[in-house]
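Only one structure is covered here, and it is reproduced in the block below.
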2 protein chains.
Amino acid sequence: MASQNLSRADITRLNILNKAFALIYRSGYQATSIDDIIATTQVTKGALYYHFKNKDEMGLAIIEEVMYPAMHSTMIKPLTEATHPQKEIYKMMKGILENESFFDVRYGCPAVNLIEEMAPLNSAFAKALKKLFTEWKNAIIHCVEEGKKKKIVNTDVNSEQVAILVLSGYSGIRNLGKLVGKSCYTIYLKELKNYLNTVG
Amino acid sequence: MASQNLSRADITRLNILNKAFALIYRSGYQATSIDDIIATTQVTKGALYYHFKNKDEMGLAIIEEVMYPAMHSTMIKPLTEATHPQKEIYKMMKGILENESFFDVRYGCPAVNLIEEMAPLNSAFAKALKKLFTEWKNAIIHCVEEGKKKKIVNTDVNSEQVAILVLSGYSGIRNLGKLVGKSCYTIYLKELKNYLNTVG
DNA sequence: TCAAAAACATACTAATTAGTATGTTTTTAC
DNA sequence: GTAAAAACATACTAATTAGTATGTTTTTGA
């Protein structure tokens with residue numbers, strides 16, 4: 001692990017990012033006020049605005065420094081070492097949907113939430129979130145293409161199309177989960193497995 | 001058509017519902033202020049609060065009286081008269097994703113947006129939106145089951161699982177569309193067709 | 001036609017919002 | 001140790017928010 005020798009300022013900054021992330025995850029970006037954040041962090045307004053020049057800069061830092069690393073390790077990394085695409089994609093999806101520590105059914109996916117709320121309103125947010133999903137998509141494509149080389153995936157399969165169906169399924173099921181709870185995750189995973197079995 | 005002989009009050013009410021819907025669709029529920037609404041409707045605050053006891057009651061009326069009918073006619077009704085499930089589900093999805101008058105790629109799906117933003121914050125909203133998606137899900141299930149009877153769909157297909165994959169795909173692609181534009185709709189539709197072909 | 005109710009209009013309030021001005025304290029470099 | 005810079009603290013502001021109090025106008029039913 002890195003992250004040794006953190007200065008007082010670094011700790012303050014990380015405290016803001018992590019607590020603000022949690023608040024935004026639960027209530028949304030616009031519904032989370034700066035006053036909410038300073039109340040739960042116990043950081044004063046002066047300190048917060050020393051570290052971030054405004055709320056949007058803080059939001060961007062949350063995407064890049066909190067959400068991106070967390071999602072990269074659960075969504076993208078597992079695919080890079082994949083040996084069997086169908087199995088690995090399913091395993092990755094199951095892993096995300098069962099990760100109760102970072103993701104809560106009631107609140108959906110932090111990145112999906114932020115896309116919904118902020119993509120049309122803030123182009124910097126949209127760009128940062130697009131990067132995340134593009135990398136995820138590329139990881140799936142790469143994974144499927146490797147499967148083709150190994151003759152595990154049919155060569156007539158369009159890997160980009162597969163990636164888009166997996167991505168949209170993920171975003172969508174996180175959305176639906178907010179309405180009906182975890183039960184739909186199980187159903188989705190079963191049909192995802194059926195679908196993945198048809199590509200190879 | 002019904003909707004004749006509208007009173008002055010009815011017109012005011014409908015004006016509020018329609019204009020407020022459009023504003024909320026573009027900016028989100030919480031980001032749309034009552035002052036925004038009275039500015040674009042030219043309706044005074046007194047009139048607005050005569051028709052709706054508060055903002056949430058107005059929001060609920062928008063879900064039930066604007067969103068529900070519109071989505072019912074584009075998502076559910078086409079499926080009830082379906083003769084060939086695979087073709088009809090595909091056609092319905094294509095129809096929604098190409099309906100430029102009511103839905104804009106940049107702003108996603110009004111119902112999906114509202115689930116994302118409000119489901120965890122307002123249980124009345126969640127209930128009304130759940131009804132919409134449950135009816136849609138049931139329409140797909142019914143459609144697939146009819147296909148089984150006609151021997152067009154394999155009997156080992158789980159119709160609820162199919163419905164959930166279609167629903168999640170829809171919600172998800174509307175989300176992704178906000179980031180990357182209409183191009184992903186086309187890709188999604190191609191793979192949806194591939195998937196649907198595997199069930200029958 | 002005329003009273004009562006429905007529908008609308010105007011001016012307000014109290015709370016909350018992001019952000020700033022102006023400080024004080026802590027850390028760093030020498 | 002000490003000056004300068006970095007980091008933090010407090011008290012404010014101007015704008016915006018949902019909602020209300022108190023009116024006036026319009027419609028309705030006898």
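Each chain in the structure tokens gets a letter, A, B, ..., in the order shown, and its residues are numbered from 1; ligands are numbered from 1 in order too.
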Could you please tell me, as a ChimeraX atom specification, which residues of chain B have an atom within 7 Å of chain A when using only C-alpha atoms?
/B:28,106-107,113,115-117,119-120,126,130,161-162,164-165,168-173,175-176,178-179,187-188,191,195
Give me, as number ranges by chain, the residues of range 3-103 of chain A that a backbone DSSP run labels helix (DSSP H, G or I).
A: 8-27, 34-41, 45-51, 55-80, 85-98
Chain B least-squares fitted onto chain A over all paired Cα atoms, as a PDB file with C-alpha atoms, in the first residue's frame:
```pdb
ATOM      1  CA  MET B   1       0.242   0.043  -0.253  1.00  0.00           C
ATOM      2  CA  ALA B   2       1.225   3.643  -0.854  1.00  0.00           C
ATOM      3  CA  SER B   3      -0.483   6.411   1.180  1.00  0.00           C
ATOM      4  CA  GLN B   4       2.008   6.890   3.979  1.00  0.00           C
ATOM      5  CA  ASN B   5       3.158  10.166   5.500  1.00  0.00           C
ATOM      6  CA  LEU B   6      -0.014  12.097   4.857  1.00  0.00           C
ATOM      7  CA  SER B   7       0.219  15.732   5.834  1.00  0.00           C
ATOM      8  CA  ARG B   8      -2.455  17.400   7.913  1.00  0.00           C
ATOM      9  CA  ALA B   9      -3.658  19.104   4.744  1.00  0.00           C
ATOM     10  CA  ASP B  10      -3.824  15.806   2.843  1.00  0.00           C
ATOM     11  CA  ILE B  11      -5.914  14.286   5.606  1.00  0.00           C
ATOM     12  CA  THR B  12      -8.305  17.227   5.556  1.00  0.00           C
ATOM     13  CA  ARG B  13      -8.652  16.968   1.807  1.00  0.00           C
ATOM     14  CA  LEU B  14      -9.254  13.225   1.840  1.00  0.00           C
ATOM     15  CA  ASN B  15     -11.713  13.588   4.683  1.00  0.00           C
ATOM     16  CA  ILE B  16     -13.709  16.062   2.619  1.00  0.00           C
ATOM     17  CA  LEU B  17     -13.597  13.888  -0.508  1.00  0.00           C
ATOM     18  CA  ASN B  18     -14.678  10.710   1.245  1.00  0.00           C
ATOM     19  CA  LYS B  19     -17.441  12.157   3.401  1.00  0.00           C
ATOM     20  CA  ALA B  20     -18.746  14.317   0.572  1.00  0.00           C
ATOM     21  CA  PHE B  21     -18.771  11.275  -1.696  1.00  0.00           C
ATOM     22  CA  ALA B  22     -20.890   9.375   0.822  1.00  0.00           C
ATOM     23  CA  LEU B  23     -23.357  12.254   1.151  1.00  0.00           C
ATOM     24  CA  ILE B  24     -23.635  12.753  -2.598  1.00  0.00           C
ATOM     25  CA  TYR B  25     -24.057   9.026  -3.125  1.00  0.00           C
ATOM     26  CA  ARG B  26     -27.058   9.027  -0.823  1.00  0.00           C
ATOM     27  CA  SER B  27     -28.750  12.310  -1.701  1.00  0.00           C
ATOM     28  CA  GLY B  28     -27.408  13.435  -5.050  1.00  0.00           C
ATOM     29  CA  TYR B  29     -24.929  16.134  -5.956  1.00  0.00           C
ATOM     30  CA  GLN B  30     -27.191  19.156  -6.011  1.00  0.00           C
ATOM     31  CA  ALA B  31     -29.100  18.098  -2.932  1.00  0.00           C
ATOM     32  CA  THR B  32     -25.879  17.869  -0.940  1.00  0.00           C
ATOM     33  CA  SER B  33     -24.997  21.340   0.296  1.00  0.00           C
ATOM     34  CA  ILE B  34     -21.597  22.661   1.264  1.00  0.00           C
ATOM     35  CA  ASP B  35     -23.045  23.200   4.727  1.00  0.00           C
ATOM     36  CA  ASP B  36     -24.008  19.507   4.880  1.00  0.00           C
ATOM     37  CA  ILE B  37     -20.443  18.608   4.018  1.00  0.00           C
ATOM     38  CA  ILE B  38     -18.778  20.865   6.570  1.00  0.00           C
ATOM     39  CA  ALA B  39     -21.229  19.638   9.205  1.00  0.00           C
ATOM     40  CA  THR B  40     -20.371  15.961   8.717  1.00  0.00           C
ATOM     41  CA  THR B  41     -16.651  16.433   8.102  1.00  0.00           C
ATOM     42  CA  GLN B  42     -16.201  18.922  10.964  1.00  0.00           C
ATOM     43  CA  VAL B  43     -14.048  20.844   8.497  1.00  0.00           C
ATOM     44  CA  THR B  44     -14.663  24.577   8.382  1.00  0.00           C
ATOM     45  CA  LYS B  45     -15.803  26.412   5.298  1.00  0.00           C
ATOM     46  CA  GLY B  46     -12.494  28.230   5.069  1.00  0.00           C
ATOM     47  CA  ALA B  47     -10.630  24.927   4.926  1.00  0.00           C
ATOM     48  CA  LEU B  48     -12.971  23.476   2.351  1.00  0.00           C
ATOM     49  CA  TYR B  49     -12.666  26.462   0.041  1.00  0.00           C
ATOM     50  CA  TYR B  50      -8.913  26.439   0.539  1.00  0.00           C
ATOM     51  CA  HIS B  51      -8.755  22.943  -0.941  1.00  0.00           C
ATOM     52  CA  PHE B  52     -11.401  23.397  -3.642  1.00  0.00           C
ATOM     53  CA  LYS B  53     -12.126  26.603  -5.457  1.00  0.00           C
ATOM     54  CA  ASN B  54     -15.827  25.792  -5.699  1.00  0.00           C
ATOM     55  CA  LYS B  55     -18.351  22.980  -5.349  1.00  0.00           C
ATOM     56  CA  ASP B  56     -17.911  21.740  -8.914  1.00  0.00           C
ATOM     57  CA  GLU B  57     -14.132  21.421  -8.529  1.00  0.00           C
ATOM     58  CA  MET B  58     -14.753  19.341  -5.456  1.00  0.00           C
ATOM     59  CA  GLY B  59     -17.283  17.229  -7.362  1.00  0.00           C
ATOM     60  CA  LEU B  60     -14.782  16.625 -10.122  1.00  0.00           C
ATOM     61  CA  ALA B  61     -12.129  15.602  -7.606  1.00  0.00           C
ATOM     62  CA  ILE B  62     -14.603  13.127  -6.098  1.00  0.00           C
ATOM     63  CA  ILE B  63     -15.180  11.549  -9.505  1.00  0.00           C
ATOM     64  CA  GLU B  64     -11.472  11.317 -10.286  1.00  0.00           C
ATOM     65  CA  GLU B  65     -10.040  10.496  -6.890  1.00  0.00           C
ATOM     66  CA  VAL B  66     -12.763   8.515  -5.146  1.00  0.00           C
ATOM     67  CA  MET B  67     -15.092   7.019  -7.737  1.00  0.00           C
ATOM     68  CA  TYR B  68     -12.616   6.314 -10.514  1.00  0.00           C
ATOM     69  CA  PRO B  69     -10.170   4.215  -8.452  1.00  0.00           C
ATOM     70  CA  ALA B  70     -12.940   2.309  -6.680  1.00  0.00           C
ATOM     71  CA  MET B  71     -14.747   1.466  -9.876  1.00  0.00           C
ATOM     72  CA  HIS B  72     -11.567   0.688 -11.745  1.00  0.00           C
ATOM     73  CA  SER B  73     -10.617  -1.986  -9.269  1.00  0.00           C
ATOM     74  CA  THR B  74     -14.054  -3.643  -9.215  1.00  0.00           C
ATOM     75  CA  MET B  75     -15.088  -3.264 -12.848  1.00  0.00           C
ATOM     76  CA  ILE B  76     -12.031  -2.989 -15.056  1.00  0.00           C
ATOM     77  CA  LYS B  77      -9.137  -4.692 -13.327  1.00  0.00           C
ATOM     78  CA  PRO B  78     -10.865  -8.100 -12.984  1.00  0.00           C
ATOM     79  CA  LEU B  79     -11.310  -8.159 -16.770  1.00  0.00           C
ATOM     80  CA  THR B  80      -7.710  -7.473 -17.711  1.00  0.00           C
ATOM     81  CA  GLU B  81      -6.530 -10.797 -16.346  1.00  0.00           C
ATOM     82  CA  ALA B  82      -9.484 -12.667 -17.790  1.00  0.00           C
ATOM     83  CA  THR B  83      -8.918 -16.080 -19.273  1.00  0.00           C
ATOM     84  CA  HIS B  84     -12.520 -16.978 -20.089  1.00  0.00           C
ATOM     85  CA  PRO B  85     -14.550 -13.887 -21.144  1.00  0.00           C
ATOM     86  CA  GLN B  86     -18.026 -15.238 -20.466  1.00  0.00           C
ATOM     87  CA  LYS B  87     -17.111 -16.433 -16.999  1.00  0.00           C
ATOM     88  CA  GLU B  88     -15.072 -13.361 -16.132  1.00  0.00           C
ATOM     89  CA  ILE B  89     -17.676 -10.848 -17.269  1.00  0.00           C
ATOM     90  CA  TYR B  90     -20.313 -12.684 -15.288  1.00  0.00           C
ATOM     91  CA  LYS B  91     -18.069 -12.885 -12.248  1.00  0.00           C
ATOM     92  CA  MET B  92     -17.232  -9.205 -12.440  1.00  0.00           C
ATOM     93  CA  MET B  93     -20.896  -8.234 -12.658  1.00  0.00           C
ATOM     94  CA  LYS B  94     -21.825 -10.534  -9.796  1.00  0.00           C
ATOM     95  CA  GLY B  95     -18.959  -9.076  -7.807  1.00  0.00           C
ATOM     96  CA  ILE B  96     -20.177  -5.507  -8.251  1.00  0.00           C
ATOM     97  CA  LEU B  97     -23.801  -6.284  -7.513  1.00  0.00           C
ATOM     98  CA  GLU B  98     -22.850  -8.122  -4.348  1.00  0.00           C
ATOM     99  CA  ASN B  99     -20.345  -5.540  -3.072  1.00  0.00           C
ATOM    100  CA  GLU B 100     -22.388  -4.238  -0.175  1.00  0.00           C
ATOM    101  CA  SER B 101     -19.640  -2.215   1.421  1.00  0.00           C
ATOM    102  CA  PHE B 102     -19.218   0.278  -1.383  1.00  0.00           C
ATOM    103  CA  PHE B 103     -22.573   0.025  -3.158  1.00  0.00           C
ATOM    104  CA  ASP B 104     -26.036   0.072  -1.649  1.00  0.00           C
ATOM    105  CA  VAL B 105     -29.065  -1.168  -3.622  1.00  0.00           C
ATOM    106  CA  ARG B 106     -31.166   1.701  -2.367  1.00  0.00           C
ATOM    107  CA  TYR B 107     -28.784   4.305  -3.732  1.00  0.00           C
ATOM    108  CA  GLY B 108     -27.728   2.584  -6.942  1.00  0.00           C
ATOM    109  CA  CYS B 109     -24.334   3.172  -8.530  1.00  0.00           C
ATOM    110  CA  PRO B 110     -22.560   6.443  -7.676  1.00  0.00           C
ATOM    111  CA  ALA B 111     -21.312   6.886 -11.234  1.00  0.00           C
ATOM    112  CA  VAL B 112     -24.646   6.078 -12.861  1.00  0.00           C
ATOM    113  CA  ASN B 113     -26.390   8.460 -10.467  1.00  0.00           C
ATOM    114  CA  LEU B 114     -24.022  11.246 -11.343  1.00  0.00           C
ATOM    115  CA  ILE B 115     -24.432  10.671 -15.072  1.00  0.00           C
ATOM    116  CA  GLU B 116     -28.191  10.882 -14.690  1.00  0.00           C
ATOM    117  CA  GLU B 117     -28.108  14.021 -12.623  1.00  0.00           C
ATOM    118  CA  MET B 118     -25.159  15.960 -13.959  1.00  0.00           C
ATOM    119  CA  ALA B 119     -24.185  14.874 -17.472  1.00  0.00           C
ATOM    120  CA  PRO B 120     -26.540  17.355 -19.143  1.00  0.00           C
ATOM    121  CA  LEU B 121     -25.675  20.131 -16.691  1.00  0.00           C
ATOM    122  CA  ASN B 122     -21.893  19.952 -16.327  1.00  0.00           C
ATOM    123  CA  SER B 123     -19.627  19.046 -19.238  1.00  0.00           C
ATOM    124  CA  ALA B 124     -16.563  18.536 -17.041  1.00  0.00           C
ATOM    125  CA  PHE B 125     -18.457  15.931 -15.022  1.00  0.00           C
ATOM    126  CA  ALA B 126     -19.691  14.340 -18.235  1.00  0.00           C
ATOM    127  CA  LYS B 127     -16.153  14.111 -19.601  1.00  0.00           C
ATOM    128  CA  ALA B 128     -14.754  12.500 -16.461  1.00  0.00           C
ATOM    129  CA  LEU B 129     -17.613  10.000 -16.272  1.00  0.00           C
ATOM    130  CA  LYS B 130     -17.348   9.238 -19.980  1.00  0.00           C
ATOM    131  CA  LYS B 131     -13.704   8.340 -19.486  1.00  0.00           C
ATOM    132  CA  LEU B 132     -14.654   5.856 -16.795  1.00  0.00           C
ATOM    133  CA  PHE B 133     -17.296   4.127 -18.899  1.00  0.00           C
ATOM    134  CA  THR B 134     -15.159   4.185 -22.038  1.00  0.00           C
ATOM    135  CA  GLU B 135     -12.382   2.391 -20.218  1.00  0.00           C
ATOM    136  CA  TRP B 136     -14.835  -0.144 -18.910  1.00  0.00           C
ATOM    137  CA  LYS B 137     -16.255  -0.677 -22.366  1.00  0.00           C
ATOM    138  CA  ASN B 138     -12.773  -1.116 -23.830  1.00  0.00           C
ATOM    139  CA  ALA B 139     -11.891  -3.638 -21.143  1.00  0.00           C
ATOM    140  CA  ILE B 140     -14.936  -5.715 -22.097  1.00  0.00           C
ATOM    141  CA  ILE B 141     -14.146  -5.427 -25.805  1.00  0.00           C
ATOM    142  CA  HIS B 142     -10.568  -6.487 -25.213  1.00  0.00           C
ATOM    143  CA  CYS B 143     -11.719  -9.374 -23.089  1.00  0.00           C
ATOM    144  CA  VAL B 144     -14.136 -10.626 -25.760  1.00  0.00           C
ATOM    145  CA  GLU B 145     -11.529 -10.270 -28.499  1.00  0.00           C
ATOM    146  CA  GLU B 146      -9.088 -12.343 -26.456  1.00  0.00           C
ATOM    147  CA  GLY B 147     -11.833 -14.947 -26.181  1.00  0.00           C
ATOM    148  CA  LYS B 148     -12.108 -15.003 -29.960  1.00  0.00           C
ATOM    149  CA  LYS B 149      -8.386 -15.668 -30.296  1.00  0.00           C
ATOM    150  CA  LYS B 150      -8.739 -18.555 -27.875  1.00  0.00           C
ATOM    151  CA  LYS B 151     -11.746 -19.862 -29.867  1.00  0.00           C
ATOM    152  CA  ILE B 152     -13.948 -19.525 -26.783  1.00  0.00           C
ATOM    153  CA  VAL B 153     -16.017 -16.783 -28.397  1.00  0.00           C
ATOM    154  CA  ASN B 154     -17.585 -17.047 -31.843  1.00  0.00           C
ATOM    155  CA  THR B 155     -15.775 -14.905 -34.397  1.00  0.00           C
ATOM    156  CA  ASP B 156     -19.049 -13.469 -35.709  1.00  0.00           C
ATOM    157  CA  VAL B 157     -19.741 -11.873 -32.337  1.00  0.00           C
ATOM    158  CA  ASN B 158     -19.442  -8.084 -32.319  1.00  0.00           C
ATOM    159  CA  SER B 159     -17.475  -7.297 -29.195  1.00  0.00           C
ATOM    160  CA  GLU B 160     -18.529  -3.649 -29.030  1.00  0.00           C
ATOM    161  CA  GLN B 161     -22.175  -4.675 -29.157  1.00  0.00           C
ATOM    162  CA  VAL B 162     -21.576  -7.147 -26.353  1.00  0.00           C
ATOM    163  CA  ALA B 163     -19.858  -4.429 -24.321  1.00  0.00           C
ATOM    164  CA  ILE B 164     -22.738  -2.015 -24.825  1.00  0.00           C
ATOM    165  CA  LEU B 165     -25.311  -4.612 -23.796  1.00  0.00           C
ATOM    166  CA  VAL B 166     -23.342  -5.398 -20.652  1.00  0.00           C
ATOM    167  CA  LEU B 167     -22.802  -1.720 -19.807  1.00  0.00           C
ATOM    168  CA  SER B 168     -26.412  -0.765 -20.376  1.00  0.00           C
ATOM    169  CA  GLY B 169     -27.558  -3.787 -18.417  1.00  0.00           C
ATOM    170  CA  TYR B 170     -25.430  -2.716 -15.487  1.00  0.00           C
ATOM    171  CA  SER B 171     -26.576   0.913 -15.469  1.00  0.00           C
ATOM    172  CA  GLY B 172     -30.151  -0.161 -15.923  1.00  0.00           C
ATOM    173  CA  ILE B 173     -30.247  -2.779 -13.214  1.00  0.00           C
ATOM    174  CA  ARG B 174     -28.732  -0.358 -10.722  1.00  0.00           C
ATOM    175  CA  ASN B 175     -31.577   1.977 -11.606  1.00  0.00           C
ATOM    176  CA  LEU B 176     -34.264  -0.681 -11.326  1.00  0.00           C
ATOM    177  CA  GLY B 177     -32.771  -1.860  -8.053  1.00  0.00           C
ATOM    178  CA  LYS B 178     -33.699   1.464  -6.490  1.00  0.00           C
ATOM    179  CA  LEU B 179     -37.350   0.695  -7.129  1.00  0.00           C
ATOM    180  CA  VAL B 180     -37.635  -2.999  -6.396  1.00  0.00           C
ATOM    181  CA  GLY B 181     -34.605  -3.942  -4.320  1.00  0.00           C
ATOM    182  CA  LYS B 182     -31.979  -6.637  -4.656  1.00  0.00           C
ATOM    183  CA  SER B 183     -34.295  -9.278  -6.073  1.00  0.00           C
ATOM    184  CA  CYS B 184     -33.902  -7.913  -9.586  1.00  0.00           C
ATOM    185  CA  TYR B 185     -30.129  -8.296  -9.376  1.00  0.00           C
ATOM    186  CA  THR B 186     -30.519 -12.054  -9.087  1.00  0.00           C
ATOM    187  CA  ILE B 187     -32.901 -12.243 -12.016  1.00  0.00           C
ATOM    188  CA  TYR B 188     -30.661 -10.035 -14.116  1.00  0.00           C
ATOM    189  CA  LEU B 189     -27.588 -12.147 -13.368  1.00  0.00           C
ATOM    190  CA  LYS B 190     -29.387 -15.318 -14.442  1.00  0.00           C
ATOM    191  CA  GLU B 191     -30.337 -13.872 -17.789  1.00  0.00           C
ATOM    192  CA  LEU B 192     -26.924 -12.272 -18.236  1.00  0.00           C
ATOM    193  CA  LYS B 193     -25.459 -15.757 -17.892  1.00  0.00           C
ATOM    194  CA  ASN B 194     -27.881 -17.103 -20.503  1.00  0.00           C
ATOM    195  CA  TYR B 195     -26.962 -14.282 -22.837  1.00  0.00           C
ATOM    196  CA  LEU B 196     -23.226 -14.718 -22.353  1.00  0.00           C
ATOM    197  CA  ASN B 197     -23.583 -18.407 -23.111  1.00  0.00           C
ATOM    198  CA  THR B 198     -24.945 -17.519 -26.545  1.00  0.00           C
ATOM    199  CA  VAL B 199     -21.784 -15.725 -27.619  1.00  0.00           C
ATOM    200  CA  GLY B 200     -19.437 -18.686 -27.391  1.00  0.00           C
TER     201      GLY B 200
END
```
Would you write out, as JSON lines, a table of all residues in chain D that have an atom no more than 12 Å from an atom of chain B, listing for each the closest atom pair and the distance in Å to one decimal, considering only C-alpha atoms (C1' of nucleotides) and ordering rows by chain and rising residue number?
```
{"residue": "D:DT16", "atom": "C1'", "partner": "B:Ser33", "partner_atom": "CA", "distance": 9.2}
{"residue": "D:DT17", "atom": "C1'", "partner": "B:Ser33", "partner_atom": "CA", "distance": 7.5}
{"residue": "D:DA18", "atom": "C1'", "partner": "B:Ile34", "partner_atom": "CA", "distance": 7.5}
{"residue": "D:DG19", "atom": "C1'", "partner": "B:Asn54", "partner_atom": "CA", "distance": 7.8}
{"residue": "D:DT20", "atom": "C1'", "partner": "B:Gly46", "partner_atom": "CA", "distance": 9.7}
{"residue": "D:DA21", "atom": "C1'", "partner": "B:Gly46", "partner_atom": "CA", "distance": 10.8}
{"residue": "D:DT22", "atom": "C1'", "partner": "B:Gly46", "partner_atom": "CA", "distance": 10.9}
{"residue": "D:DG23", "atom": "C1'", "partner": "B:Gly46", "partner_atom": "CA", "distance": 10.8}
{"residue": "D:DT24", "atom": "C1'", "partner": "B:Gly46", "partner_atom": "CA", "distance": 11.7}
{"residue": "D:DT26", "atom": "C1'", "partner": "B:Arg8", "partner_atom": "CA", "distance": 9.8}
{"residue": "D:DT27", "atom": "C1'", "partner": "B:Arg8", "partner_atom": "CA", "distance": 9.5}
```
Find the distance between C1' of DA5 in chain D and C1' of DT22 in chain C and write it in Å to one decimal.
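Those two atoms sit 17.1 Å apart.
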Distance query DG29 in chain D at most 12 Å, only C-alpha atoms (C1' of nucleotides), self and fewer than 3 positions along chain excluded, as a PyMOL selection string:
chain C and resi 1-5
With N, CA and C atoms (P, O5', C5', C4', C3', O3' and C1' of nucleotides) retained, could you export that selection as a PDB file, in the first residue's frame?
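Written file, again-v1.pdb:
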```pdb
ATOM      1  P    DT C   1     -79.447  40.917 -14.239  1.00  0.00           P
ATOM      2  O5'  DT C   1     -80.217  40.433 -12.910  1.00  0.00           O
ATOM      3  C5'  DT C   1     -80.721  41.292 -11.903  1.00  0.00           C
ATOM      4  C4'  DT C   1     -80.259  40.714 -10.581  1.00  0.00           C
ATOM      5  C3'  DT C   1     -78.864  41.146 -10.185  1.00  0.00           C
ATOM      6  O3'  DT C   1     -78.748  40.974  -8.771  1.00  0.00           O
ATOM      7  C1'  DT C   1     -78.830  38.860 -10.455  1.00  0.00           C
ATOM      8  P    DC C   2     -78.833  42.152  -7.738  1.00  0.00           P
ATOM      9  O5'  DC C   2     -78.599  41.340  -6.379  1.00  0.00           O
ATOM     10  C5'  DC C   2     -79.201  40.039  -6.210  1.00  0.00           C
ATOM     11  C4'  DC C   2     -78.204  39.034  -5.641  1.00  0.00           C
ATOM     12  C3'  DC C   2     -76.873  39.621  -5.155  1.00  0.00           C
ATOM     13  O3'  DC C   2     -76.463  38.895  -4.017  1.00  0.00           O
ATOM     14  C1'  DC C   2     -76.437  37.930  -6.682  1.00  0.00           C
ATOM     15  P    DA C   3     -76.409  39.589  -2.581  1.00  0.00           P
ATOM     16  O5'  DA C   3     -75.670  38.514  -1.667  1.00  0.00           O
ATOM     17  C5'  DA C   3     -76.412  37.437  -1.109  1.00  0.00           C
ATOM     18  C4'  DA C   3     -75.747  36.115  -1.425  1.00  0.00           C
ATOM     19  C3'  DA C   3     -74.405  35.895  -0.711  1.00  0.00           C
ATOM     20  O3'  DA C   3     -74.434  34.603  -0.173  1.00  0.00           O
ATOM     21  C1'  DA C   3     -74.163  35.475  -3.017  1.00  0.00           C
ATOM     22  P    DA C   4     -73.662  34.263   1.168  1.00  0.00           P
ATOM     23  O5'  DA C   4     -72.865  32.963   0.713  1.00  0.00           O
ATOM     24  C5'  DA C   4     -73.559  31.963  -0.017  1.00  0.00           C
ATOM     25  C4'  DA C   4     -72.597  31.203  -0.897  1.00  0.00           C
ATOM     26  C3'  DA C   4     -71.247  30.901  -0.250  1.00  0.00           C
ATOM     27  O3'  DA C   4     -70.960  29.544  -0.495  1.00  0.00           O
ATOM     28  C1'  DA C   4     -70.918  31.869  -2.369  1.00  0.00           C
ATOM     29  P    DA C   5     -69.933  28.753   0.454  1.00  0.00           P
ATOM     30  O5'  DA C   5     -68.997  28.065  -0.635  1.00  0.00           O
ATOM     31  C5'  DA C   5     -69.602  27.503  -1.791  1.00  0.00           C
ATOM     32  C4'  DA C   5     -68.700  27.688  -2.992  1.00  0.00           C
ATOM     33  C3'  DA C   5     -67.247  27.232  -2.772  1.00  0.00           C
ATOM     34  O3'  DA C   5     -66.957  26.289  -3.781  1.00  0.00           O
ATOM     35  C1'  DA C   5     -67.329  29.328  -3.870  1.00  0.00           C
TER      36       DA C   5
END
```
Dump as a list in words the residues of chain C that approach chain A to within 9 Å, counting only C-alpha atoms (C1' of nucleotides).
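Residues satisfying the distance criterion: DT17, DA18 and DG19 of chain C.
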Could you save those same residues with C-alpha atoms (C1' of nucleotides) as a short mmCIF file (atom, residue, chain, number, x, y, z; two decimals), in the first residue's frame?
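Saved to part.cif:
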```cif
data_model
loop_
_atom_site.label_atom_id
_atom_site.label_comp_id
_atom_site.auth_asym_id
_atom_site.auth_seq_id
_atom_site.Cartn_x
_atom_site.Cartn_y
_atom_site.Cartn_z
"C1'" DT C 17 -27.74 28.28 -0.68
"C1'" DA C 18 -22.75 28.96 -2.68
"C1'" DG C 19 -19.32 31.76 -1.98
#
```
